[in-house]
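This is final11.cif. It holds mmCIF, N, CA and C atoms.
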```
data_start
loop_
_atom_site.label_atom_id
_atom_site.label_comp_id
_atom_site.auth_asym_id
_atom_site.auth_seq_id
_atom_site.Cartn_x
_atom_site.Cartn_y
_atom_site.Cartn_z
N MET H 144 -59.77 -146.00 -48.32
CA MET H 144 -60.89 -145.88 -47.42
C MET H 144 -60.37 -146.21 -46.03
N ASN H 145 -60.33 -145.24 -45.16
CA ASN H 145 -59.82 -145.42 -43.80
C ASN H 145 -60.89 -145.03 -42.79
N PHE H 146 -60.91 -145.73 -41.67
CA PHE H 146 -61.77 -145.34 -40.57
C PHE H 146 -61.22 -145.93 -39.28
N THR H 147 -61.66 -145.35 -38.17
CA THR H 147 -61.20 -145.77 -36.86
C THR H 147 -62.41 -145.93 -35.94
N ASN H 148 -62.38 -146.99 -35.14
CA ASN H 148 -63.37 -147.21 -34.08
C ASN H 148 -62.61 -147.48 -32.79
N SER H 149 -63.26 -147.26 -31.67
CA SER H 149 -62.64 -147.64 -30.40
C SER H 149 -63.71 -148.17 -29.45
N VAL H 150 -63.24 -148.96 -28.50
CA VAL H 150 -64.12 -149.52 -27.50
C VAL H 150 -63.32 -149.67 -26.20
N ARG H 151 -63.97 -149.45 -25.07
CA ARG H 151 -63.32 -149.64 -23.77
C ARG H 151 -63.75 -151.00 -23.22
N VAL H 152 -62.76 -151.78 -22.80
CA VAL H 152 -62.99 -153.12 -22.28
C VAL H 152 -62.51 -153.18 -20.84
N GLU H 153 -63.33 -153.74 -19.98
CA GLU H 153 -62.97 -153.87 -18.56
C GLU H 153 -62.08 -155.08 -18.34
N ARG H 154 -60.95 -155.09 -19.02
CA ARG H 154 -59.92 -156.12 -18.86
C ARG H 154 -58.57 -155.45 -19.07
N THR H 155 -57.51 -156.08 -18.61
CA THR H 155 -56.17 -155.51 -18.76
C THR H 155 -55.72 -155.57 -20.21
N PRO H 156 -54.78 -154.71 -20.60
CA PRO H 156 -54.22 -154.81 -21.95
C PRO H 156 -53.65 -156.20 -22.24
N HIS H 157 -53.05 -156.82 -21.23
CA HIS H 157 -52.51 -158.17 -21.41
C HIS H 157 -53.60 -159.15 -21.83
N ASP H 158 -54.74 -159.12 -21.13
CA ASP H 158 -55.84 -160.04 -21.44
C ASP H 158 -56.42 -159.76 -22.83
N VAL H 159 -56.61 -158.48 -23.15
CA VAL H 159 -57.18 -158.13 -24.45
C VAL H 159 -56.24 -158.53 -25.57
N PHE H 160 -54.95 -158.25 -25.41
CA PHE H 160 -53.97 -158.60 -26.44
C PHE H 160 -53.94 -160.11 -26.65
N ALA H 161 -53.92 -160.86 -25.57
CA ALA H 161 -53.86 -162.32 -25.67
C ALA H 161 -55.04 -162.86 -26.47
N TYR H 162 -56.21 -162.30 -26.24
CA TYR H 162 -57.40 -162.75 -26.97
C TYR H 162 -57.33 -162.36 -28.45
N LEU H 163 -56.96 -161.10 -28.72
CA LEU H 163 -56.87 -160.64 -30.11
C LEU H 163 -55.79 -161.40 -30.88
N ALA H 164 -54.67 -161.68 -30.24
CA ALA H 164 -53.54 -162.34 -30.92
C ALA H 164 -53.81 -163.81 -31.20
N GLU H 165 -54.84 -164.36 -30.62
CA GLU H 165 -55.25 -165.72 -30.95
C GLU H 165 -56.32 -165.59 -32.03
N PHE H 166 -55.87 -165.46 -33.27
CA PHE H 166 -56.76 -165.11 -34.37
C PHE H 166 -57.85 -166.14 -34.62
N GLU H 167 -57.67 -167.34 -34.11
CA GLU H 167 -58.74 -168.33 -34.22
C GLU H 167 -60.00 -167.88 -33.48
N ASN H 168 -59.88 -166.87 -32.61
CA ASN H 168 -61.03 -166.30 -31.90
C ASN H 168 -61.87 -165.38 -32.79
N VAL H 169 -61.34 -164.93 -33.91
CA VAL H 169 -62.05 -163.94 -34.73
C VAL H 169 -63.50 -164.34 -35.03
N PRO H 170 -63.79 -165.59 -35.41
CA PRO H 170 -65.20 -165.93 -35.70
C PRO H 170 -66.14 -165.77 -34.50
N ARG H 171 -65.61 -165.75 -33.30
CA ARG H 171 -66.45 -165.57 -32.11
C ARG H 171 -66.97 -164.15 -31.98
N TRP H 172 -66.22 -163.17 -32.54
CA TRP H 172 -66.64 -161.78 -32.36
C TRP H 172 -66.85 -161.02 -33.67
N ASN H 173 -66.51 -161.62 -34.79
CA ASN H 173 -66.73 -160.98 -36.09
C ASN H 173 -67.74 -161.82 -36.86
N TYR H 174 -68.96 -161.31 -36.98
CA TYR H 174 -70.06 -162.06 -37.58
C TYR H 174 -69.80 -162.46 -39.03
N ALA H 175 -68.90 -161.78 -39.73
CA ALA H 175 -68.66 -162.03 -41.15
C ALA H 175 -67.68 -163.18 -41.39
N ILE H 176 -67.01 -163.65 -40.33
CA ILE H 176 -65.98 -164.68 -40.48
C ILE H 176 -66.48 -166.00 -39.89
N GLU H 177 -66.39 -167.04 -40.71
CA GLU H 177 -66.85 -168.36 -40.27
C GLU H 177 -65.74 -169.17 -39.60
N ARG H 178 -64.50 -169.01 -40.11
CA ARG H 178 -63.39 -169.82 -39.58
C ARG H 178 -62.07 -169.13 -39.89
N THR H 179 -61.14 -169.18 -38.94
CA THR H 179 -59.79 -168.64 -39.13
C THR H 179 -58.80 -169.68 -38.62
N TRP H 180 -57.71 -169.91 -39.38
CA TRP H 180 -56.70 -170.86 -38.94
C TRP H 180 -55.31 -170.40 -39.36
N LYS H 181 -54.35 -170.79 -38.54
CA LYS H 181 -52.96 -170.43 -38.77
C LYS H 181 -52.37 -171.32 -39.84
N THR H 182 -51.57 -170.72 -40.75
CA THR H 182 -50.98 -171.48 -41.85
C THR H 182 -49.45 -171.49 -41.79
N SER H 183 -48.88 -170.93 -40.74
CA SER H 183 -47.42 -170.92 -40.60
C SER H 183 -47.06 -171.59 -39.28
N PRO H 184 -45.84 -172.15 -39.21
CA PRO H 184 -45.42 -172.82 -37.97
C PRO H 184 -44.97 -171.82 -36.91
N GLY H 185 -44.86 -172.31 -35.68
CA GLY H 185 -44.30 -171.51 -34.60
C GLY H 185 -45.31 -170.64 -33.90
N PRO H 186 -44.83 -169.92 -32.89
CA PRO H 186 -45.72 -169.04 -32.13
C PRO H 186 -46.15 -167.83 -32.96
N VAL H 187 -47.23 -167.20 -32.53
CA VAL H 187 -47.74 -166.02 -33.22
C VAL H 187 -46.75 -164.87 -33.06
N GLY H 188 -46.48 -164.19 -34.14
CA GLY H 188 -45.60 -163.03 -34.13
C GLY H 188 -45.55 -162.43 -35.52
N VAL H 189 -44.72 -161.42 -35.72
CA VAL H 189 -44.57 -160.82 -37.04
C VAL H 189 -44.19 -161.92 -38.02
N GLY H 190 -44.89 -161.96 -39.14
CA GLY H 190 -44.65 -162.97 -40.16
C GLY H 190 -45.59 -164.15 -40.10
N SER H 191 -46.32 -164.33 -39.00
CA SER H 191 -47.30 -165.42 -38.92
C SER H 191 -48.38 -165.19 -39.97
N THR H 192 -48.82 -166.28 -40.59
CA THR H 192 -49.84 -166.18 -41.63
C THR H 192 -51.08 -166.97 -41.25
N TYR H 193 -52.22 -166.49 -41.77
CA TYR H 193 -53.52 -167.08 -41.48
C TYR H 193 -54.36 -167.12 -42.73
N HIS H 194 -55.33 -168.00 -42.69
CA HIS H 194 -56.32 -168.11 -43.76
C HIS H 194 -57.68 -168.08 -43.06
N GLN H 195 -58.67 -167.53 -43.72
CA GLN H 195 -60.00 -167.55 -43.12
C GLN H 195 -61.09 -167.62 -44.18
N GLU H 196 -62.25 -168.07 -43.72
CA GLU H 196 -63.44 -168.16 -44.57
C GLU H 196 -64.41 -167.07 -44.14
N ARG H 197 -64.80 -166.26 -45.10
CA ARG H 197 -65.72 -165.14 -44.88
C ARG H 197 -67.08 -165.53 -45.46
N THR H 198 -68.16 -165.08 -44.80
CA THR H 198 -69.50 -165.32 -45.33
C THR H 198 -70.19 -164.03 -45.76
N VAL H 199 -69.68 -162.86 -45.31
CA VAL H 199 -70.29 -161.57 -45.62
C VAL H 199 -69.21 -160.64 -46.16
N PRO H 200 -69.40 -159.91 -47.24
CA PRO H 200 -70.64 -159.71 -47.98
C PRO H 200 -70.97 -160.87 -48.91
N ARG H 201 -69.98 -161.74 -49.16
CA ARG H 201 -70.23 -162.97 -49.92
C ARG H 201 -69.23 -164.01 -49.43
N ARG H 202 -69.51 -165.26 -49.71
CA ARG H 202 -68.60 -166.32 -49.28
C ARG H 202 -67.28 -166.16 -50.03
N ALA H 203 -66.18 -166.16 -49.27
CA ALA H 203 -64.86 -166.00 -49.86
C ALA H 203 -63.81 -166.53 -48.90
N GLU H 204 -62.64 -166.85 -49.43
CA GLU H 204 -61.50 -167.21 -48.62
C GLU H 204 -60.49 -166.09 -48.74
N GLU H 205 -59.80 -165.81 -47.66
CA GLU H 205 -58.83 -164.72 -47.65
C GLU H 205 -57.67 -165.08 -46.75
N SER H 206 -56.57 -164.37 -46.94
CA SER H 206 -55.36 -164.61 -46.16
C SER H 206 -54.84 -163.30 -45.60
N PHE H 207 -54.14 -163.40 -44.47
CA PHE H 207 -53.49 -162.22 -43.92
C PHE H 207 -52.23 -162.64 -43.18
N GLU H 208 -51.39 -161.64 -42.92
CA GLU H 208 -50.12 -161.84 -42.23
C GLU H 208 -50.03 -160.85 -41.07
N VAL H 209 -49.45 -161.28 -39.97
CA VAL H 209 -49.21 -160.39 -38.84
C VAL H 209 -48.01 -159.51 -39.22
N VAL H 210 -48.21 -158.19 -39.20
CA VAL H 210 -47.14 -157.27 -39.59
C VAL H 210 -46.62 -156.43 -38.42
N GLU H 211 -47.35 -156.40 -37.32
CA GLU H 211 -46.89 -155.76 -36.08
C GLU H 211 -47.35 -156.62 -34.92
N PHE H 212 -46.47 -156.79 -33.95
CA PHE H 212 -46.78 -157.63 -32.79
C PHE H 212 -46.00 -157.11 -31.59
N ALA H 213 -46.60 -156.21 -30.85
CA ALA H 213 -46.00 -155.64 -29.64
C ALA H 213 -46.90 -156.05 -28.47
N PRO H 214 -46.55 -157.12 -27.76
CA PRO H 214 -47.42 -157.65 -26.71
C PRO H 214 -47.96 -156.57 -25.78
N ASP H 215 -49.27 -156.69 -25.56
CA ASP H 215 -50.03 -155.85 -24.65
C ASP H 215 -50.22 -154.41 -25.13
N SER H 216 -49.75 -154.08 -26.36
CA SER H 216 -49.92 -152.69 -26.80
C SER H 216 -50.33 -152.51 -28.26
N ARG H 217 -49.85 -153.35 -29.17
CA ARG H 217 -50.13 -153.09 -30.59
C ARG H 217 -50.07 -154.38 -31.39
N LEU H 218 -51.04 -154.52 -32.30
CA LEU H 218 -51.14 -155.69 -33.15
C LEU H 218 -51.68 -155.23 -34.50
N ALA H 219 -51.07 -155.68 -35.60
CA ALA H 219 -51.56 -155.29 -36.92
C ALA H 219 -51.43 -156.45 -37.89
N ILE H 220 -52.38 -156.49 -38.83
CA ILE H 220 -52.36 -157.49 -39.89
C ILE H 220 -52.50 -156.80 -41.23
N ALA H 221 -52.03 -157.47 -42.27
CA ALA H 221 -52.19 -156.99 -43.64
C ALA H 221 -52.54 -158.18 -44.50
N GLY H 222 -53.44 -157.96 -45.45
CA GLY H 222 -53.83 -159.03 -46.36
C GLY H 222 -55.03 -158.60 -47.16
N THR H 223 -55.72 -159.58 -47.67
CA THR H 223 -56.93 -159.30 -48.44
C THR H 223 -58.12 -159.67 -47.57
N LEU H 224 -58.96 -158.67 -47.30
CA LEU H 224 -60.15 -158.89 -46.48
C LEU H 224 -61.36 -158.54 -47.33
N GLY H 225 -62.19 -159.55 -47.58
CA GLY H 225 -63.26 -159.36 -48.55
C GLY H 225 -62.59 -159.07 -49.89
N PRO H 226 -63.11 -158.11 -50.64
CA PRO H 226 -62.51 -157.82 -51.95
C PRO H 226 -61.36 -156.82 -51.88
N PHE H 227 -60.93 -156.42 -50.67
CA PHE H 227 -59.99 -155.31 -50.55
C PHE H 227 -58.65 -155.71 -49.93
N PRO H 228 -57.55 -155.23 -50.50
CA PRO H 228 -56.29 -155.28 -49.75
C PRO H 228 -56.49 -154.39 -48.51
N ALA H 229 -56.00 -154.86 -47.36
CA ALA H 229 -56.30 -154.15 -46.12
C ALA H 229 -55.13 -154.17 -45.16
N HIS H 230 -55.13 -153.18 -44.27
CA HIS H 230 -54.20 -153.11 -43.15
C HIS H 230 -55.06 -152.75 -41.93
N VAL H 231 -55.04 -153.61 -40.92
CA VAL H 231 -55.88 -153.44 -39.75
C VAL H 231 -54.98 -153.40 -38.51
N THR H 232 -55.12 -152.35 -37.71
CA THR H 232 -54.29 -152.17 -36.53
C THR H 232 -55.16 -152.09 -35.28
N TYR H 233 -54.69 -152.72 -34.21
CA TYR H 233 -55.32 -152.62 -32.90
C TYR H 233 -54.28 -152.03 -31.94
N VAL H 234 -54.59 -150.87 -31.37
CA VAL H 234 -53.72 -150.25 -30.38
C VAL H 234 -54.45 -150.34 -29.03
N LEU H 235 -53.75 -150.87 -28.03
CA LEU H 235 -54.34 -151.06 -26.71
C LEU H 235 -53.74 -150.04 -25.74
N GLN H 236 -54.63 -149.29 -25.10
CA GLN H 236 -54.20 -148.25 -24.16
C GLN H 236 -54.79 -148.56 -22.79
N SER H 237 -53.92 -148.64 -21.79
CA SER H 237 -54.37 -148.87 -20.43
C SER H 237 -55.25 -147.70 -20.00
N ASP H 238 -56.37 -148.02 -19.35
CA ASP H 238 -57.36 -147.00 -19.05
C ASP H 238 -58.07 -147.31 -17.73
N ASP H 239 -57.54 -146.81 -16.60
CA ASP H 239 -58.14 -146.99 -15.27
C ASP H 239 -58.53 -148.44 -14.98
N GLY H 240 -57.62 -149.35 -15.15
CA GLY H 240 -57.88 -150.75 -14.86
C GLY H 240 -58.49 -151.51 -16.02
N GLY H 241 -58.87 -150.81 -17.07
CA GLY H 241 -59.39 -151.44 -18.28
C GLY H 241 -58.48 -151.13 -19.44
N THR H 242 -59.01 -151.32 -20.64
CA THR H 242 -58.24 -151.09 -21.85
C THR H 242 -59.11 -150.42 -22.89
N THR H 243 -58.59 -149.37 -23.50
CA THR H 243 -59.24 -148.80 -24.67
C THR H 243 -58.57 -149.42 -25.90
N VAL H 244 -59.39 -150.02 -26.74
CA VAL H 244 -58.91 -150.63 -27.98
C VAL H 244 -59.25 -149.66 -29.11
N VAL H 245 -58.22 -149.19 -29.80
CA VAL H 245 -58.40 -148.33 -30.96
C VAL H 245 -58.10 -149.17 -32.19
N ASN H 246 -59.10 -149.31 -33.04
CA ASN H 246 -59.01 -150.15 -34.23
C ASN H 246 -59.02 -149.26 -35.47
N ASP H 247 -57.90 -149.26 -36.20
CA ASP H 247 -57.78 -148.48 -37.43
C ASP H 247 -57.81 -149.44 -38.62
N VAL H 248 -58.66 -149.14 -39.58
CA VAL H 248 -58.82 -149.99 -40.76
C VAL H 248 -58.51 -149.16 -42.01
N GLU H 249 -57.61 -149.68 -42.83
CA GLU H 249 -57.29 -149.07 -44.12
C GLU H 249 -57.62 -150.09 -45.20
N LEU H 250 -58.56 -149.76 -46.07
CA LEU H 250 -58.94 -150.63 -47.18
C LEU H 250 -58.55 -149.95 -48.48
N GLU H 251 -57.87 -150.67 -49.35
CA GLU H 251 -57.53 -150.13 -50.67
C GLU H 251 -58.68 -150.44 -51.63
N VAL H 252 -59.26 -149.38 -52.16
CA VAL H 252 -60.41 -149.54 -53.04
C VAL H 252 -59.98 -149.15 -54.46
N HIS H 253 -60.21 -150.05 -55.40
CA HIS H 253 -59.79 -149.83 -56.78
C HIS H 253 -60.96 -149.98 -57.74
N GLY H 254 -60.79 -149.48 -58.93
CA GLY H 254 -61.75 -149.68 -60.02
C GLY H 254 -63.13 -149.13 -59.72
N ALA H 255 -64.12 -149.88 -60.17
CA ALA H 255 -65.51 -149.44 -60.06
C ALA H 255 -65.96 -149.27 -58.61
N LEU H 256 -65.33 -149.99 -57.69
CA LEU H 256 -65.71 -149.88 -56.27
C LEU H 256 -65.39 -148.50 -55.70
N ARG H 257 -64.48 -147.77 -56.32
CA ARG H 257 -64.15 -146.41 -55.84
C ARG H 257 -65.37 -145.50 -55.84
N ALA H 258 -66.24 -145.69 -56.82
CA ALA H 258 -67.42 -144.83 -56.94
C ALA H 258 -68.39 -145.01 -55.79
N VAL H 259 -68.50 -146.22 -55.28
CA VAL H 259 -69.46 -146.49 -54.20
C VAL H 259 -68.81 -146.49 -52.81
N ALA H 260 -67.49 -146.43 -52.74
CA ALA H 260 -66.79 -146.48 -51.45
C ALA H 260 -67.26 -145.42 -50.46
N PRO H 261 -67.43 -144.16 -50.88
CA PRO H 261 -67.89 -143.17 -49.90
C PRO H 261 -69.26 -143.51 -49.30
N LEU H 262 -70.10 -144.17 -50.06
CA LEU H 262 -71.42 -144.56 -49.57
C LEU H 262 -71.32 -145.75 -48.62
N ALA H 263 -70.37 -146.64 -48.89
CA ALA H 263 -70.25 -147.87 -48.12
C ALA H 263 -69.48 -147.69 -46.82
N ILE H 264 -68.61 -146.70 -46.74
CA ILE H 264 -67.72 -146.60 -45.58
C ILE H 264 -68.49 -146.48 -44.27
N GLY H 265 -69.58 -145.76 -44.26
CA GLY H 265 -70.37 -145.64 -43.03
C GLY H 265 -70.90 -146.96 -42.55
N GLN H 266 -71.40 -147.78 -43.47
CA GLN H 266 -71.93 -149.09 -43.09
C GLN H 266 -70.82 -150.03 -42.64
N VAL H 267 -69.68 -150.01 -43.34
CA VAL H 267 -68.56 -150.87 -42.96
C VAL H 267 -68.06 -150.47 -41.56
N LYS H 268 -67.91 -149.17 -41.32
CA LYS H 268 -67.46 -148.70 -40.00
C LYS H 268 -68.44 -149.12 -38.91
N LYS H 269 -69.73 -149.01 -39.20
CA LYS H 269 -70.77 -149.40 -38.23
C LYS H 269 -70.69 -150.90 -37.94
N SER H 270 -70.46 -151.72 -38.96
CA SER H 270 -70.35 -153.17 -38.76
C SER H 270 -69.13 -153.52 -37.93
N VAL H 271 -68.01 -152.84 -38.20
CA VAL H 271 -66.80 -153.09 -37.43
C VAL H 271 -67.01 -152.67 -35.97
N ALA H 272 -67.68 -151.55 -35.75
CA ALA H 272 -67.98 -151.11 -34.38
C ALA H 272 -68.84 -152.15 -33.66
N ALA H 273 -69.81 -152.72 -34.36
CA ALA H 273 -70.65 -153.76 -33.75
C ALA H 273 -69.80 -154.98 -33.38
N ASN H 274 -68.86 -155.36 -34.25
CA ASN H 274 -67.96 -156.48 -33.93
C ASN H 274 -67.14 -156.18 -32.69
N LEU H 275 -66.63 -154.95 -32.57
CA LEU H 275 -65.85 -154.58 -31.40
C LEU H 275 -66.69 -154.64 -30.12
N ASN H 276 -67.95 -154.31 -30.23
CA ASN H 276 -68.84 -154.42 -29.06
C ASN H 276 -69.06 -155.87 -28.65
N VAL H 277 -69.11 -156.78 -29.64
CA VAL H 277 -69.20 -158.21 -29.31
C VAL H 277 -67.91 -158.66 -28.64
N LEU H 278 -66.77 -158.20 -29.15
CA LEU H 278 -65.48 -158.50 -28.52
C LEU H 278 -65.49 -158.05 -27.05
N LYS H 279 -65.94 -156.85 -26.82
CA LYS H 279 -66.04 -156.30 -25.45
C LYS H 279 -66.89 -157.21 -24.57
N GLN H 280 -68.06 -157.60 -25.06
CA GLN H 280 -68.97 -158.45 -24.28
C GLN H 280 -68.32 -159.78 -23.95
N LEU H 281 -67.64 -160.38 -24.93
CA LEU H 281 -66.97 -161.67 -24.70
C LEU H 281 -65.88 -161.54 -23.65
N LEU H 282 -65.08 -160.50 -23.76
CA LEU H 282 -63.96 -160.34 -22.83
C LEU H 282 -64.43 -159.97 -21.42
N GLU H 283 -65.56 -159.33 -21.30
CA GLU H 283 -66.05 -158.93 -19.98
C GLU H 283 -66.93 -159.97 -19.33
N SER H 284 -67.31 -161.01 -20.06
CA SER H 284 -68.20 -162.02 -19.46
C SER H 284 -67.42 -163.12 -18.76
#
```
Could the structure of this file be written out as structure tokens, please?
Amino acid sequence: MNFTNSVRVERTPHDVFAYLAEFENVPRWNYAIERTWKTSPGPVGVGSTYHQERTVPRRAEESFEVVEFAPDSRLAIAGTLGPFPAHVTYVLQSDDGGTTVVNDVELEVHGALRAVAPLAIGQVKKSVAANLNVLKQLLES
């Protein structure tokens, strides 16, 4: 199950990347996440690991790892998000003094969930788009 959303933010790619790469910020803009914390030592980069507490669609704990880290241009994580193995990428494109954030989400759907995935993808994409709009509002305020 793959989908892509994008949002334009009136901030530089540097500012947007810095905020996204501080994963402890995720609960501020993603309504489904209650808390995120780093579980590996050192600065954020490829190989950094995190744990987080999710409240939607149900309370759960999940982990992810930073798999791409190109300052000011590209950031990606892989792990288990909700019930799905996932790969999430953020590509930042400079855009007339602002930044267009392109967010690509790949969720691996297995078993019985495959039957309902086509029905759910629209709602999941819509929820992720809403989160990106909150991110935009936070960064522009």
Can you turn the PyMOL selection byres ((chain H and resi 153) around 8) into a concrete residue list for this file, as a compact mmCIF listing (two decimals) with N, CA and C atoms, in the coordinates of the input?
```
# COMPACT_ATOMS: atom_id res chain seq x y z
N VAL H 150 -63.24 -148.96 -28.50
CA VAL H 150 -64.12 -149.52 -27.50
C VAL H 150 -63.32 -149.67 -26.20
N ARG H 151 -63.97 -149.45 -25.07
CA ARG H 151 -63.32 -149.64 -23.77
C ARG H 151 -63.75 -151.00 -23.22
N VAL H 152 -62.76 -151.78 -22.80
CA VAL H 152 -62.99 -153.12 -22.28
C VAL H 152 -62.51 -153.18 -20.84
N ARG H 154 -60.95 -155.09 -19.02
CA ARG H 154 -59.92 -156.12 -18.86
C ARG H 154 -58.57 -155.45 -19.07
N THR H 155 -57.51 -156.08 -18.61
CA THR H 155 -56.17 -155.51 -18.76
C THR H 155 -55.72 -155.57 -20.21
N PRO H 156 -54.78 -154.71 -20.60
CA PRO H 156 -54.22 -154.81 -21.95
C PRO H 156 -53.65 -156.20 -22.24
N ASP H 239 -57.54 -146.81 -16.60
CA ASP H 239 -58.14 -146.99 -15.27
C ASP H 239 -58.53 -148.44 -14.98
N GLY H 240 -57.62 -149.35 -15.15
CA GLY H 240 -57.88 -150.75 -14.86
C GLY H 240 -58.49 -151.51 -16.02
N GLY H 241 -58.87 -150.81 -17.07
CA GLY H 241 -59.39 -151.44 -18.28
C GLY H 241 -58.48 -151.13 -19.44
N THR H 242 -59.01 -151.32 -20.64
CA THR H 242 -58.24 -151.09 -21.85
C THR H 242 -59.11 -150.42 -22.89
N THR H 243 -58.59 -149.37 -23.50
CA THR H 243 -59.24 -148.80 -24.67
C THR H 243 -58.57 -149.42 -25.90
N LYS H 279 -65.94 -156.85 -26.82
CA LYS H 279 -66.04 -156.30 -25.45
C LYS H 279 -66.89 -157.21 -24.57
N GLN H 280 -68.06 -157.60 -25.06
CA GLN H 280 -68.97 -158.45 -24.28
C GLN H 280 -68.32 -159.78 -23.95
N LEU H 282 -65.08 -160.50 -23.76
CA LEU H 282 -63.96 -160.34 -22.83
C LEU H 282 -64.43 -159.97 -21.42
N GLU H 283 -65.56 -159.33 -21.30
CA GLU H 283 -66.05 -158.93 -19.98
C GLU H 283 -66.93 -159.97 -19.33
```
### Picked from chain H by DSSP as strand (DSSP E), as a PyMOL selection string
chain H and resi 145-152+176-181+192-197+203-213+217-224+227-238+241-250
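Compared by their closest atoms to Pro228 in chain H, and using all atoms listed in the file, the residues H:Lys268, H:His194, H:His253, H:Lys181 rank with H:His253 nearest.
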Counting only C-alpha atoms, which residues of range 161-234 of chain H sit at most 10 Å from some atom of range 144-149 of chain H, and what is each one's closest atom pair with its distance in Å to one decimal, listed by chain and rising residue number, as JSON lines?
```
{"residue": "H:Phe227", "atom": "CA", "partner": "H:Met144", "partner_atom": "CA", "distance": 10.0}
{"residue": "H:Ala229", "atom": "CA", "partner": "H:Met144", "partner_atom": "CA", "distance": 9.5}
{"residue": "H:His230", "atom": "CA", "partner": "H:Asn145", "partner_atom": "CA", "distance": 9.5}
{"residue": "H:Val231", "atom": "CA", "partner": "H:Thr147", "partner_atom": "CA", "distance": 9.8}
{"residue": "H:Thr232", "atom": "CA", "partner": "H:Thr147", "partner_atom": "CA", "distance": 9.4}
{"residue": "H:Tyr233", "atom": "CA", "partner": "H:Ser149", "partner_atom": "CA", "distance": 9.2}
{"residue": "H:Val234", "atom": "CA", "partner": "H:Ser149", "partner_atom": "CA", "distance": 9.3}
```
### Message
Suppose a student applies the PyMOL selection byres (((chain H and resi 162 and name CA) around 12) and name CA) to this structure; what residues should they get, written as a list in words?
### Response
Arg154, Thr155, Pro156, His157, Asp158, Val159, Phe160, Ala161, Leu163, Ala164, Glu165, Phe166, Glu167, Asn168, Val169, Arg171, Trp172, Val187, Pro214, Asp215, Leu218, Tyr233, Leu278, Lys279, Leu281, Leu282 and Glu283 of chain H
### Query
Do you know which residues are at most 8 Å from Glu196 in chain H counting only C-alpha atoms, after dropping those on the same chain fewer than 2 positions away, and could you put them as a list in words?
Ile176, Glu177, Arg178, Thr179, His194, Thr198, Arg202, Ala203, Glu204 and Glu205 of chain H
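Coordinates place CA of Arg201 in chain H at a distance of 17.1 Å from atom C of Glu251 in chain H.
Across the model, the gap from atom C of Val245 in chain H to atom C of Pro200 in chain H is 24.1 Å.
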### Message
Quick check, in Å to one decimal: how far apart do atom C of Val210 in chain H and atom N of Pro184 in chain H lie?
### Response
15.8 Å
### Query
DSSP on the backbone: what in chain H comes out alpha helix (DSSP H), as a PyMOL selection string?
chain H and resi 156-164+169-172+256-283
### Query
With distances taken over only C-alpha atoms, which of H:Val199, H:Val189, H:Ala255, H:Ile220 is nearest to Pro170 in chain H?
H:Val199
